[in-house]
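> Contents of model27.cif (mmCIF, C-alpha atoms) are below:
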data_model
#
loop_
_atom_site.label_atom_id
_atom_site.label_comp_id
_atom_site.auth_asym_id
_atom_site.auth_seq_id
_atom_site.Cartn_x
_atom_site.Cartn_y
_atom_site.Cartn_z
CA MET A 1 -29.59 -123.32 90.65
CA ASN A 2 -27.79 -126.30 89.13
CA LYS A 3 -25.41 -126.82 86.21
CA VAL A 4 -26.54 -129.33 83.56
CA GLN A 5 -25.50 -131.34 80.51
CA THR A 6 -25.51 -129.40 77.24
CA LYS A 7 -25.73 -129.87 73.49
CA ILE A 8 -24.45 -127.77 70.58
CA THR A 9 -27.11 -125.94 68.52
CA SER A 10 -27.38 -123.07 66.05
CA VAL A 11 -27.50 -120.63 68.97
CA GLY A 12 -24.68 -122.25 70.91
CA LYS A 13 -24.76 -124.62 73.87
CA ILE A 14 -28.11 -125.28 75.52
CA PRO A 15 -29.32 -127.91 78.01
CA GLN A 16 -30.08 -131.36 76.61
CA ASP A 17 -33.77 -131.04 77.46
CA TRP A 18 -34.19 -127.60 75.83
CA GLU A 19 -35.20 -127.17 72.20
CA ILE A 20 -34.67 -124.55 69.50
CA LYS A 21 -37.72 -123.10 67.76
CA LYS A 22 -38.01 -120.30 65.24
CA ILE A 23 -40.58 -117.71 66.19
CA LYS A 24 -42.81 -118.64 63.24
CA GLU A 25 -43.00 -122.20 64.62
CA PHE A 26 -44.71 -121.24 67.85
CA ALA A 27 -46.31 -117.79 67.39
CA LYS A 28 -48.04 -115.48 64.94
CA THR A 29 -46.53 -112.11 64.10
CA THR A 30 -48.00 -108.92 62.71
CA ALA A 31 -47.06 -105.31 62.03
CA GLY A 32 -49.17 -102.22 62.51
CA GLY A 33 -50.25 -99.33 60.35
CA THR A 34 -51.14 -95.64 60.23
CA PRO A 35 -54.57 -94.33 59.22
CA SER A 36 -54.58 -91.60 56.58
CA THR A 37 -53.76 -88.27 58.19
CA ARG A 38 -55.96 -86.60 55.57
CA VAL A 39 -59.11 -88.03 57.11
CA SER A 40 -59.86 -86.22 60.36
CA SER A 41 -62.48 -88.78 61.42
CA TYR A 42 -59.69 -91.33 61.75
CA TRP A 43 -58.04 -89.24 64.45
CA ASP A 44 -60.34 -86.67 66.06
CA ASN A 45 -61.50 -87.69 69.55
CA GLY A 46 -59.92 -91.11 69.08
CA THR A 47 -60.18 -93.61 71.92
CA VAL A 48 -58.11 -96.49 70.52
CA ARG A 49 -54.56 -96.66 71.88
CA TRP A 50 -52.10 -96.25 69.00
CA MET A 51 -48.45 -96.82 69.72
CA SER A 52 -45.40 -95.52 67.85
CA SER A 53 -41.90 -96.98 67.92
CA GLY A 54 -40.79 -94.28 70.37
CA ASP A 55 -43.04 -95.84 73.03
CA LEU A 56 -40.91 -99.00 72.99
CA ASN A 57 -38.45 -97.31 75.33
CA GLN A 58 -40.96 -97.76 78.15
CA LYS A 59 -40.17 -101.51 77.94
CA LYS A 60 -43.31 -102.48 79.89
CA ILE A 61 -46.14 -100.53 78.32
CA PHE A 62 -49.14 -99.62 80.42
CA GLU A 63 -50.16 -96.51 78.45
CA VAL A 64 -49.33 -94.56 75.29
CA GLU A 65 -50.27 -91.05 74.22
CA GLY A 66 -51.33 -91.82 70.65
CA ARG A 67 -55.00 -92.33 69.81
CA ILE A 68 -56.98 -93.20 66.68
CA THR A 69 -60.70 -93.79 66.17
CA GLU A 70 -62.45 -97.11 65.56
CA GLU A 71 -63.04 -95.88 62.00
CA GLY A 72 -59.32 -95.21 61.60
CA LEU A 73 -58.54 -98.69 62.87
CA LYS A 74 -60.93 -100.33 60.40
CA ASN A 75 -59.64 -98.32 57.45
CA SER A 76 -55.93 -98.96 57.94
CA SER A 77 -53.54 -101.86 58.39
CA ALA A 78 -53.41 -101.16 62.12
CA ARG A 79 -54.90 -103.90 64.26
CA MET A 80 -55.55 -104.50 67.92
CA ILE A 81 -52.72 -106.21 69.74
CA PRO A 82 -53.64 -108.25 72.84
CA PRO A 83 -51.85 -107.72 76.17
CA LYS A 84 -48.54 -109.52 76.68
CA SER A 85 -47.55 -109.35 73.05
CA ILE A 86 -43.84 -108.93 72.39
CA LEU A 87 -43.25 -105.68 70.51
CA ILE A 88 -40.16 -105.01 68.40
CA GLY A 89 -39.05 -101.81 66.69
CA LEU A 90 -38.72 -102.46 62.96
CA ALA A 91 -37.46 -98.96 62.24
CA GLY A 92 -37.07 -95.70 64.05
CA GLN A 93 -34.69 -92.94 65.00
CA GLY A 94 -31.49 -93.63 66.91
CA LYS A 95 -31.54 -96.83 68.94
CA THR A 96 -35.23 -97.63 68.49
CA ARG A 97 -34.77 -100.32 65.83
CA GLY A 98 -34.43 -103.67 67.59
CA THR A 99 -35.78 -102.35 70.90
CA VAL A 100 -38.09 -104.87 72.55
CA ALA A 101 -41.07 -104.20 74.82
CA ILE A 102 -44.12 -106.00 76.19
CA ASN A 103 -47.58 -104.40 76.38
CA MET A 104 -49.72 -104.76 79.48
CA VAL A 105 -52.82 -103.28 77.82
CA GLU A 106 -54.57 -103.82 74.50
CA LEU A 107 -53.40 -101.37 71.85
CA SER A 108 -52.68 -100.84 68.17
CA THR A 109 -49.34 -99.85 66.65
CA ASN A 110 -47.94 -98.05 63.66
CA GLN A 111 -46.05 -99.82 60.88
CA SER A 112 -42.68 -99.36 62.60
CA VAL A 113 -43.62 -101.86 65.30
CA ALA A 114 -43.99 -105.63 64.96
CA ALA A 115 -45.88 -107.77 67.45
CA ILE A 116 -45.39 -111.41 68.41
CA LEU A 117 -48.81 -112.49 69.63
CA PRO A 118 -49.09 -114.53 72.86
CA ASN A 119 -50.44 -118.07 73.07
CA GLU A 120 -50.37 -121.06 75.42
CA LYS A 121 -47.20 -122.51 73.83
CA PHE A 122 -44.82 -120.10 75.56
CA VAL A 123 -44.55 -117.70 78.48
CA PRO A 124 -44.61 -114.18 76.95
CA GLU A 125 -42.27 -112.68 79.55
CA PHE A 126 -39.68 -115.40 78.84
CA LEU A 127 -39.63 -114.47 75.16
CA TYR A 128 -39.51 -110.77 76.07
CA TYR A 129 -36.43 -111.27 78.24
CA ASN A 130 -34.76 -113.44 75.59
CA LEU A 131 -35.19 -110.92 72.78
CA ASP A 132 -34.43 -107.95 75.01
CA MET A 133 -31.09 -109.56 75.82
CA ARG A 134 -30.37 -109.91 72.09
CA TYR A 135 -30.71 -106.24 71.13
CA ASP A 136 -27.31 -106.05 69.40
CA GLU A 137 -28.08 -109.22 67.47
CA LEU A 138 -31.41 -107.80 66.28
CA ARG A 139 -29.64 -104.66 65.07
CA LYS A 140 -27.21 -106.76 63.05
CA LEU A 141 -30.07 -108.74 61.50
CA SER A 142 -31.56 -105.53 60.08
CA THR A 143 -31.64 -105.09 56.32
CA GLY A 144 -30.17 -102.05 54.61
CA ASP A 145 -27.14 -99.91 55.36
CA GLY A 146 -26.15 -98.16 58.59
CA GLY A 147 -28.81 -96.18 60.42
CA ARG A 148 -31.32 -96.64 57.59
CA GLY A 149 -31.55 -100.40 57.97
CA GLY A 150 -34.72 -102.07 59.13
CA LEU A 151 -36.20 -105.28 60.46
CA ASN A 152 -39.19 -107.01 58.89
CA LEU A 153 -41.56 -109.84 59.77
CA GLN A 154 -39.62 -112.35 57.67
CA ILE A 155 -36.48 -111.69 59.70
CA ILE A 156 -38.34 -111.82 63.01
CA ASN A 157 -40.13 -115.05 62.11
CA SER A 158 -36.78 -116.73 61.46
CA ILE A 159 -35.16 -115.84 64.81
CA PRO A 160 -34.28 -119.03 66.75
CA ILE A 161 -35.26 -119.15 70.42
CA PRO A 162 -33.89 -121.67 72.96
CA PHE A 163 -36.83 -122.97 75.01
CA PRO A 164 -37.15 -124.95 78.24
CA ASN A 165 -40.53 -126.37 79.24
CA LEU A 166 -43.28 -124.01 80.38
CA LEU A 167 -42.68 -124.58 84.09
CA GLU A 168 -39.01 -123.67 83.76
CA GLN A 169 -39.90 -120.64 81.64
CA LYS A 170 -42.16 -119.43 84.45
CA SER A 171 -39.46 -120.04 87.07
CA ILE A 172 -36.88 -118.08 85.07
CA VAL A 173 -39.33 -115.22 84.57
CA LYS A 174 -40.15 -115.13 88.29
CA TYR A 175 -36.45 -114.94 89.13
CA LEU A 176 -35.75 -112.10 86.68
CA GLN A 177 -38.85 -110.21 87.78
CA THR A 178 -37.33 -110.01 91.28
CA TRP A 179 -34.54 -107.91 89.76
CA ASP A 180 -37.03 -105.92 87.69
CA ASN A 181 -38.96 -105.06 90.85
CA ALA A 182 -35.78 -103.90 92.60
CA ILE A 183 -34.83 -101.82 89.55
CA GLU A 184 -38.30 -100.26 89.38
CA GLN A 185 -38.29 -99.42 93.10
CA THR A 186 -34.88 -97.77 92.75
CA GLU A 187 -36.01 -95.79 89.69
CA ASN A 188 -39.04 -94.60 91.66
CA LEU A 189 -36.80 -93.50 94.54
CA ILE A 190 -34.58 -91.57 92.14
CA ALA A 191 -37.62 -89.90 90.56
CA ALA A 192 -38.94 -88.94 94.01
CA LYS A 193 -35.58 -87.48 95.06
CA GLU A 194 -35.29 -85.53 91.80
CA LYS A 195 -38.82 -84.18 92.25
CA LEU A 196 -37.98 -83.14 95.82
CA LYS A 197 -34.82 -81.40 94.65
CA LYS A 198 -36.66 -79.60 91.85
CA GLY A 199 -39.24 -78.26 94.29
CA LEU A 200 -36.60 -77.15 96.78
CA MET A 201 -34.58 -75.44 94.06
CA GLN A 202 -37.57 -73.38 92.99
CA GLN A 203 -38.24 -72.37 96.60
CA LEU A 204 -34.72 -71.85 97.93
CA LEU A 205 -33.16 -70.25 94.85
CA THR A 206 -35.84 -67.62 94.37
CA SER A 207 -36.11 -66.60 98.05
CA GLY A 208 -39.60 -68.11 98.02
CA LYS A 209 -38.66 -70.12 101.10
CA ARG A 210 -36.02 -68.85 103.52
CA LEU A 211 -33.89 -71.06 105.71
CA LYS A 212 -33.91 -70.43 109.45
CA GLY A 213 -31.57 -67.66 110.51
CA PHE A 214 -31.65 -65.75 107.21
CA LYS A 215 -33.87 -62.69 106.85
CA GLY A 216 -32.14 -60.02 104.78
CA LYS A 217 -33.31 -59.17 101.28
CA TRP A 218 -31.50 -60.74 98.37
CA LYS A 219 -29.27 -58.35 96.46
CA LYS A 220 -30.10 -57.39 92.89
CA THR A 221 -26.83 -57.86 91.03
CA LYS A 222 -25.61 -57.42 87.49
CA PHE A 223 -24.39 -60.66 85.92
CA SER A 224 -21.09 -59.04 84.95
CA ASP A 225 -20.44 -58.12 88.60
CA VAL A 226 -20.31 -61.82 89.51
CA PHE A 227 -18.95 -63.43 86.34
CA GLU A 228 -16.39 -62.65 83.68
CA ARG A 229 -16.34 -63.95 80.14
CA VAL A 230 -13.90 -66.67 79.06
CA THR A 231 -12.58 -66.32 75.50
CA ARG A 232 -9.40 -68.35 75.95
CA LYS A 233 -8.45 -69.78 72.54
CA ASN A 234 -7.23 -73.34 72.23
CA THR A 235 -3.66 -72.45 71.26
CA GLU A 236 -2.41 -75.68 72.83
CA LYS A 237 -4.65 -77.63 70.39
CA ASN A 238 -6.23 -79.71 73.13
CA GLN A 239 -8.12 -82.62 71.52
CA ASN A 240 -10.86 -83.00 74.15
CA VAL A 241 -13.71 -81.54 72.07
CA VAL A 242 -17.02 -81.62 73.91
CA THR A 243 -20.58 -80.58 73.27
CA VAL A 244 -22.84 -79.24 76.01
CA SER A 245 -26.09 -81.18 76.31
CA ALA A 246 -28.92 -79.69 78.34
CA GLN A 247 -29.81 -83.19 79.56
CA ARG A 248 -26.36 -84.80 79.90
CA GLY A 249 -23.93 -81.96 80.52
CA PHE A 250 -20.47 -82.09 78.93
CA VAL A 251 -20.21 -84.99 76.47
CA LYS A 252 -17.29 -85.86 74.22
CA GLN A 253 -18.33 -84.71 70.75
CA ASN A 254 -17.40 -88.02 69.15
CA ASP A 255 -19.79 -89.81 71.52
CA PHE A 256 -22.56 -87.28 70.87
CA PHE A 257 -22.31 -86.72 67.11
CA ASN A 258 -20.03 -89.61 66.11
CA LYS A 259 -17.57 -87.28 64.40
CA PHE A 260 -14.21 -85.66 65.01
CA VAL A 261 -13.16 -82.05 64.51
CA ALA A 262 -10.01 -81.65 62.42
CA SER A 263 -7.06 -80.66 64.64
CA GLU A 264 -6.20 -77.60 62.53
CA GLU A 265 -9.65 -76.18 63.31
CA LEU A 266 -9.28 -76.61 67.07
CA LYS A 267 -7.03 -73.60 67.59
CA ASP A 268 -10.04 -71.35 66.96
CA TYR A 269 -12.19 -73.09 69.60
CA PHE A 270 -12.52 -71.95 73.21
CA LEU A 271 -10.48 -73.80 75.84
CA LEU A 272 -12.33 -74.26 79.14
CA GLU A 273 -10.91 -75.23 82.51
CA ARG A 274 -12.57 -77.15 85.31
CA GLY A 275 -14.94 -74.94 87.32
CA GLU A 276 -15.93 -72.69 84.40
CA PHE A 277 -19.43 -72.34 82.95
CA VAL A 278 -20.90 -72.59 79.46
CA TYR A 279 -24.21 -71.22 78.18
CA ASN A 280 -25.50 -73.29 75.26
CA LYS A 281 -27.97 -71.12 73.35
CA SER A 282 -29.60 -74.12 71.66
CA TYR A 283 -33.14 -74.82 72.79
CA SER A 284 -34.26 -78.39 73.41
CA LYS A 285 -37.08 -80.25 75.14
CA GLY A 286 -37.48 -78.81 78.63
CA TYR A 287 -34.90 -76.11 77.92
CA ASP A 288 -36.65 -73.50 75.79
CA TRP A 289 -34.04 -70.87 76.67
CA GLY A 290 -30.93 -73.01 76.49
CA ALA A 291 -28.89 -74.30 79.42
CA VAL A 292 -25.90 -73.33 81.55
CA LYS A 293 -23.55 -76.12 82.66
CA LEU A 294 -20.52 -76.24 84.97
CA LEU A 295 -17.44 -78.11 83.73
CA LYS A 296 -16.70 -80.81 86.32
CA GLU A 297 -16.08 -83.87 84.16
CA PHE A 298 -12.70 -82.82 82.74
CA ASP A 299 -9.71 -80.68 83.73
CA LYS A 300 -9.86 -79.03 80.31
CA ALA A 301 -12.35 -79.12 77.45
CA VAL A 302 -12.63 -77.56 74.01
CA VAL A 303 -15.94 -76.04 72.91
CA THR A 304 -17.33 -74.18 69.91
CA THR A 305 -17.26 -70.39 69.98
CA LEU A 306 -21.04 -70.46 69.53
CA TYR A 307 -21.23 -71.01 73.29
CA ILE A 308 -20.96 -68.16 75.79
CA CYS A 309 -18.28 -69.19 78.30
CA PHE A 310 -17.70 -67.55 81.68
CA LYS A 311 -16.27 -68.04 85.16
CA MET A 312 -16.71 -66.71 88.67
CA LYS A 313 -14.85 -63.52 89.53
CA LYS A 314 -12.23 -64.07 92.23
CA GLU A 315 -14.31 -62.56 95.01
CA PHE A 316 -17.16 -65.01 94.22
CA MET A 317 -15.08 -68.20 93.81
CA ASN A 318 -16.72 -69.78 96.87
CA SER A 319 -20.14 -69.43 95.24
CA THR A 320 -19.58 -71.96 92.44
CA ASP A 321 -21.76 -74.68 94.02
CA PHE A 322 -24.59 -72.23 94.61
CA PHE A 323 -24.57 -71.00 91.03
CA GLU A 324 -24.47 -74.52 89.60
CA HIS A 325 -27.81 -75.13 91.30
CA PHE A 326 -28.99 -71.62 90.42
CA PHE A 327 -28.51 -72.26 86.69
CA ALA A 328 -29.90 -75.81 86.89
CA ALA A 329 -33.15 -74.31 88.20
CA ASN A 330 -33.37 -72.11 85.08
CA ILE A 331 -33.68 -69.00 87.24
CA ILE A 332 -32.26 -66.81 84.46
CA ASN A 333 -34.93 -67.84 81.93
CA GLU A 334 -37.11 -64.84 82.72
CA GLY A 335 -34.21 -62.53 81.97
CA LEU A 336 -33.36 -64.43 78.79
CA THR A 337 -36.88 -63.90 77.46
CA LYS A 338 -36.21 -60.16 77.58
CA ILE A 339 -32.84 -60.18 75.82
CA ALA A 340 -33.41 -62.87 73.17
CA HIS A 341 -33.97 -60.83 70.03
CA GLU A 342 -37.13 -61.15 67.91
CA GLY A 343 -36.94 -63.83 65.24
CA GLY A 344 -33.62 -64.94 66.64
CA ARG A 345 -33.67 -68.72 66.49
CA ALA A 346 -31.32 -69.29 63.57
CA HIS A 347 -30.34 -72.96 63.24
CA GLY A 348 -31.94 -73.69 66.60
CA LEU A 349 -29.86 -71.08 68.43
CA LEU A 350 -31.34 -68.24 70.46
CA ASN A 351 -30.11 -64.83 69.36
CA VAL A 352 -28.51 -63.88 72.67
CA THR A 353 -25.38 -61.73 72.44
CA PRO A 354 -22.60 -61.90 75.07
CA LYS A 355 -23.16 -58.20 75.80
CA ASP A 356 -26.84 -58.74 76.57
CA PHE A 357 -26.11 -61.96 78.47
CA PHE A 358 -23.73 -60.21 80.85
CA SER A 359 -26.24 -57.40 81.36
CA LEU A 360 -28.72 -59.82 82.99
CA LYS A 361 -29.89 -58.89 86.48
CA ILE A 362 -30.01 -61.61 89.15
CA PHE A 363 -31.01 -61.71 92.82
CA ILE A 364 -28.57 -63.49 95.13
CA PRO A 365 -28.33 -63.99 98.92
CA ASP A 366 -25.24 -63.39 101.03
CA VAL A 367 -22.44 -65.96 101.03
CA GLU A 368 -23.57 -67.73 104.21
CA GLU A 369 -27.07 -68.30 102.87
CA GLN A 370 -25.58 -69.46 99.56
CA LYS A 371 -23.57 -72.08 101.45
CA ALA A 372 -26.59 -73.21 103.46
CA ILE A 373 -28.69 -73.62 100.31
CA SER A 374 -25.87 -75.43 98.50
CA ASN A 375 -25.37 -77.85 101.40
CA ILE A 376 -29.02 -78.92 101.29
CA LEU A 377 -29.06 -79.40 97.51
CA ASN A 378 -25.64 -81.07 97.47
CA SER A 379 -26.87 -83.54 100.07
CA ILE A 380 -29.80 -84.53 97.85
CA ASP A 381 -27.44 -84.80 94.87
CA LYS A 382 -25.28 -87.27 96.81
CA GLU A 383 -28.34 -89.38 97.61
CA ILE A 384 -29.39 -89.36 93.94
CA CYS A 385 -25.85 -90.26 92.86
CA PHE A 386 -25.77 -93.20 95.31
CA LEU A 387 -29.13 -94.46 94.06
CA LYS A 388 -28.03 -94.20 90.42
CA GLU A 389 -24.88 -96.19 91.18
CA TYR A 390 -27.02 -98.82 92.92
CA LEU A 391 -29.37 -98.85 89.92
CA ASN A 392 -26.43 -99.45 87.58
CA LYS A 393 -25.30 -102.39 89.73
CA LEU A 394 -28.78 -103.92 89.69
CA THR A 395 -28.98 -103.49 85.91
CA GLU A 396 -25.60 -105.16 85.40
CA GLN A 397 -26.54 -108.00 87.74
CA LYS A 398 -29.75 -108.55 85.79
CA LYS A 399 -27.81 -108.65 82.50
CA GLY A 400 -25.52 -111.29 83.94
CA LEU A 401 -28.46 -113.36 85.15
CA MET A 402 -30.17 -113.13 81.77
CA GLN A 403 -27.03 -114.41 80.06
CA VAL A 404 -26.93 -117.58 82.16
CA LEU A 405 -30.63 -118.21 82.83
CA LEU A 406 -32.00 -117.61 79.33
CA THR A 407 -29.37 -119.84 77.73
CA GLY A 408 -29.66 -122.61 80.32
CA LYS A 409 -26.05 -122.28 81.49
CA VAL A 410 -27.50 -122.14 84.99
CA ARG A 411 -30.81 -123.83 85.80
CA VAL A 412 -33.48 -122.56 88.14
CA LYS A 413 -35.22 -125.04 90.41
CA ILE A 414 -38.82 -125.57 89.39
#
Taking this structure as input, can you express it in the form of C-alpha cells?

Amino acid sequence: MNKVQTKITSVGKIPQDWEIKKIKEFAKTTAGGTPSTRVSSYWDNGTVRWMSSGDLNQKKIFEVEGRITEEGLKNSSARMIPPKSILIGLAGQGKTRGTVAINMVELSTNQSVAAILPNEKFVPEFLYYNLDMRYDELRKLSTGDGGRGGLNLQIINSIPIPFPNLLEQKSIVKYLQTWDNAIEQTENLIAAKEKLKKGLMQQLLTSGKRLKGFKGKWKKTKFSDVFERVTRKNTEKNQNVVTVSAQRGFVKQNDFFNKFVASEELKDYFLLERGEFVYNKSYSKGYDWGAVKLLKEFDKAVVTTLYICFKMKKEFMNSTDFFEHFFAANIINEGLTKIAHEGGRAHGLLNVTPKDFFSLKIFIPDVEEQKAISNILNSIDKEICFLKEYLNKLTEQKKGLMQVLLTGKVRVKI
C-alpha cells in the first residue's frame, strides 16, 4: 500500500486520479412496495422473495422470510431487484434507517427499502462498503425530525461517491473481504460455542446427563430455602439506574430508554448489590416467562420495584455460579407456567407474585456436582468471551481499513 498525491473535493481529500460522482450519475435507483393485504391471492403460497427493512441487518442477504405471489408483484409497486444491488433503509424502527446491505439473491422489497441497481460502471461491493461506512452521514441526511425522519430516492441519488478505477475498486474490495471472511469465521465459532453451551446446559442442569463420579438423586428444594428476597430501598439515592434486559443483562436505563429518572423518585427504588439476582417479569422474544439475571456489571445498581430481587442465603453463597447458569437455561419456566395467574399479562408483565415466586420447587445437585457443572460451563463462557473480544478487534480493524482505503488515503496495489 502506498501514499499518494491528493486533491480537495466536496467529500474531502481524495487521490488525484480518483473522481467524485453522484449516485444518479452512474446508477439507477428504485424503491419497493407492498401488495394490498386485503387481497389474499397476493400473499397466499407466495414464492417471490419479499424483503422488509428489518432484513437489512443481515448485511449480506442470502435469504429472507417474506414472500408474495407473482400476482402480488404485478399489482404493486414492488419490483424484482437483481443480485448485488445496494439496499438502503429509507425508514424503519430504531437504527434501521440508513442501514446498508447487499443482496446475493434476486428479491423484491417493501417501500422502506431503496435499491441501487448494479451495472458495469462500478463494483457493487465497493459501493456497499463506501455507504456502509457512512451510516451516521446517511442518518443525518434524513428528512424530518428525530426518529421519524426518513431517506428518499432524491437524497440517495445526490450522495457523492469517491471512485477509483474499476481495477482499484476490485483490489480494495478483495482486501476488505479478507477481513469480512475472518469476521464471519469468528461469528460462526461463537455461534457454535453458544450452541454447544446451550445443549450442555439443558443436559447438565436438569440431571439429564450426569458427570462421572456423581450418582445421587437431585434434591427437590423450595426456592425460599435457597434464596431470600431483597427489598433494600435506595435510601442513599444511588444514581445508577438500570433496566434488566433478557438479551443484554443489566443496562444503564439512559442507554436503554434514553431517559433519566428524577432523583427524588429514586429513594423508592430497590438498591441491588453485586452478586444479587433480579427476575424481570416482562416477556420478550425467546423469553416467554421473563428472565433472571445476576448483577455482575456494577457494585451497586438501582432497579424498579416491579422486579423481584433476591440473593443466595448464606449457606448457599458458593452456589452463585451454578444458579447463574441454572437461570440462564430457563429451568424455572415450567414452574412459572403454574404460578403465572390467568389473564395476567398487564402492560407486558407476567402476573407473578413474590409469594408464588418463592414457593417454586427446584431440583438441585449437591455442592460438589454444582461446582463441577459450573466449571464446565464457565470454561465455555471464557472461550466465548475471548472470541467476542477477538471479533471486536477484527471489526475495529476493518473500520480503520475502510476509512483509509475507501477514501484513497492509502492505496492498494493493483
> Determine, counting only C-alpha atoms, which protein, DNA and RNA residues have an atom within 7 Å of an atom of Ser85 (chain A); residues of the same chain fewer than 2 positions away are not included. Present the result as a PyMOL selection string.
chain A and resi 81-83+87+102-103+115-118+124
> Which residues match the PyMOL selection byres ((chain A and resi 176) around 9) in the file above, as a compact mmCIF listing (two decimals) with C-alpha atoms, in the frame of the given file?

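Output (selection25.txt):
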# COMPACT_ATOMS: atom_id res chain seq x y z
CA TYR A 129 -36.43 -111.27 78.24
CA SER A 171 -39.46 -120.04 87.07
CA ILE A 172 -36.88 -118.08 85.07
CA VAL A 173 -39.33 -115.22 84.57
CA LYS A 174 -40.15 -115.13 88.29
CA TYR A 175 -36.45 -114.94 89.13
CA GLN A 177 -38.85 -110.21 87.78
CA THR A 178 -37.33 -110.01 91.28
CA TRP A 179 -34.54 -107.91 89.76
CA ASP A 180 -37.03 -105.92 87.69
CA ASN A 181 -38.96 -105.06 90.85
CA LYS A 398 -29.75 -108.55 85.79
CA LEU A 401 -28.46 -113.36 85.15
CA MET A 402 -30.17 -113.13 81.77
CA LEU A 405 -30.63 -118.21 82.83
> Can you translate the PyMOL selection byres ((chain A and resi 327) around 10) into the concrete residues it hits in this file, as a VMD selection string?
chain A and resid 205 277 279 291 to 294 322 to 326 328 to 333
> Provide an axis-aligned box for all listed atoms of region 127-140 of chain A, padding each side by 4 Å; report its centre and its edge lengths in Å to one decimal, as JSON.

{"center_x": -33.4, "center_y": -109.6, "center_z": 70.6, "size_x": 20.4, "size_y": 17.8, "size_z": 23.2}
> Applied to this file, what does the PyMOL selection byres ((chain A and resi 150-160) around 12) return in terms of residues, put as a PyMOL selection string?
chain A and resi 9-12+19-32+86-100+111-117+127+130-131+134+137-149+161-163
> Measure the distance from CA of Val230 (chain A) to CA of Lys338 (chain A) in Å and round it to one decimal.
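Those two atoms sit 23.3 Å apart.
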> Which of these residues is nearest to Glu368 (chain A), using all atoms listed in the file: A:Lys393, A:Lys215, A:Arg67, A:Lys281?
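So, comparing all the options, the nearest one is A:Lys215.
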> I'd like the neighbourhood of Thr235 (chain A) as a PDB file with C-alpha atoms, in the frame of the given file, where a residue qualifies if any of its atoms comes within 10 Å (using all atoms listed in the file), though same-chain residues fewer than 5 positions away should be ignored.

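around.pdb, written as the output of this step:
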ATOM      1  CA  LEU A 266      -9.280 -76.610  67.070  1.00  0.00           C
ATOM      2  CA  LYS A 267      -7.030 -73.600  67.590  1.00  0.00           C
ATOM      3  CA  ASP A 268     -10.040 -71.350  66.960  1.00  0.00           C
ATOM      4  CA  TYR A 269     -12.190 -73.090  69.600  1.00  0.00           C
ATOM      5  CA  PHE A 270     -12.520 -71.950  73.210  1.00  0.00           C
ATOM      6  CA  LEU A 271     -10.480 -73.800  75.840  1.00  0.00           C
TER       7      LEU A 271
END
> One decimal, Å: what's the distance from CA of Cys309 (chain A) over to CA of Leu336 (chain A), could you say?
15.8 Å
> Within 9 Å of (-31.2, -62.0, 99.5), in the coordinates the file gives, what residues turn up when you count all atoms listed in the file, written out as a PyMOL selection string?
chain A and resi 206-207+214-220+363-366+369
> If I take CA of Val251 (chain A) and CA of Asn375 (chain A), how far is one from the other in Å, to one decimal?
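Computing it gives 26.4 Å between the two atoms.
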> Between A:Leu387, A:Leu204, A:Val303, A:Val226, which residue has the minimum interatomic distance to Phe316 (chain A), considering all atoms listed in the file?
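Answer, going by the shortest atom-to-atom distance: A:Val226.
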> So which residues touch Lys13 (chain A) within 10 Å, counting only C-alpha atoms, skipping near sequence neighbours fewer than 4 positions away, as a PyMOL selection string?
chain A and resi 5-9+162+407-409
> Have a look at A:Val39, A:Ile384, A:Leu394, A:Leu406 and name the one nearest to Glu184 (chain A); count only C-alpha atoms.
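Among the listed residues, A:Leu394 lies closest to Glu184 (chain A).
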> Compare A:Asn254, A:Lys222, A:Leu349, A:Lys237 by their minimum atom-to-atom distance to Val302 (chain A), counting only C-alpha atoms, and give me the closest one.
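Looking at the shortest contact to Val302 (chain A), the residue is A:Lys237.
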> My structure is short of atoms at region 196-206 of chain A; please model N, CA and C atoms there, returning them as a PDB file, in the frame of the given file.

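What landed in part_37.pdb:
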ATOM      1  N   LEU A 196     -38.212 -83.901  94.585  1.00  0.00           N
ATOM      2  CA  LEU A 196     -37.980 -83.140  95.820  1.00  0.00           C
ATOM      3  C   LEU A 196     -36.963 -82.043  95.584  1.00  0.00           C
ATOM      4  N   LYS A 197     -35.870 -82.390  94.911  1.00  0.00           N
ATOM      5  CA  LYS A 197     -34.820 -81.400  94.650  1.00  0.00           C
ATOM      6  C   LYS A 197     -35.350 -80.268  93.775  1.00  0.00           C
ATOM      7  N   LYS A 198     -36.118 -80.622  92.746  1.00  0.00           N
ATOM      8  CA  LYS A 198     -36.660 -79.600  91.850  1.00  0.00           C
ATOM      9  C   LYS A 198     -37.528 -78.611  92.611  1.00  0.00           C
ATOM     10  N   GLY A 199     -38.374 -79.132  93.500  1.00  0.00           N
ATOM     11  CA  GLY A 199     -39.240 -78.260  94.290  1.00  0.00           C
ATOM     12  C   GLY A 199     -38.446 -77.366  95.227  1.00  0.00           C
ATOM     13  N   LEU A 200     -37.439 -77.938  95.877  1.00  0.00           N
ATOM     14  CA  LEU A 200     -36.600 -77.150  96.780  1.00  0.00           C
ATOM     15  C   LEU A 200     -35.815 -76.080  96.040  1.00  0.00           C
ATOM     16  N   MET A 201     -35.331 -76.419  94.850  1.00  0.00           N
ATOM     17  CA  MET A 201     -34.580 -75.440  94.060  1.00  0.00           C
ATOM     18  C   MET A 201     -35.448 -74.229  93.742  1.00  0.00           C
ATOM     19  N   GLN A 202     -36.685 -74.490  93.341  1.00  0.00           N
ATOM     20  CA  GLN A 202     -37.570 -73.380  92.990  1.00  0.00           C
ATOM     21  C   GLN A 202     -37.878 -72.511  94.209  1.00  0.00           C
ATOM     22  N   GLN A 203     -37.945 -73.132  95.382  1.00  0.00           N
ATOM     23  CA  GLN A 203     -38.240 -72.370  96.600  1.00  0.00           C
ATOM     24  C   GLN A 203     -37.002 -71.650  97.138  1.00  0.00           C
ATOM     25  N   LEU A 204     -35.910 -72.396  97.274  1.00  0.00           N
ATOM     26  CA  LEU A 204     -34.720 -71.850  97.930  1.00  0.00           C
ATOM     27  C   LEU A 204     -33.941 -70.875  97.058  1.00  0.00           C
ATOM     28  N   LEU A 205     -33.985 -71.069  95.739  1.00  0.00           N
ATOM     29  CA  LEU A 205     -33.160 -70.250  94.850  1.00  0.00           C
ATOM     30  C   LEU A 205     -33.874 -69.010  94.327  1.00  0.00           C
ATOM     31  N   THR A 206     -35.102 -68.820  94.773  1.00  0.00           N
ATOM     32  CA  THR A 206     -35.840 -67.620  94.370  1.00  0.00           C
ATOM     33  C   THR A 206     -36.262 -66.805  95.597  1.00  0.00           C
TER      34      THR A 206
END
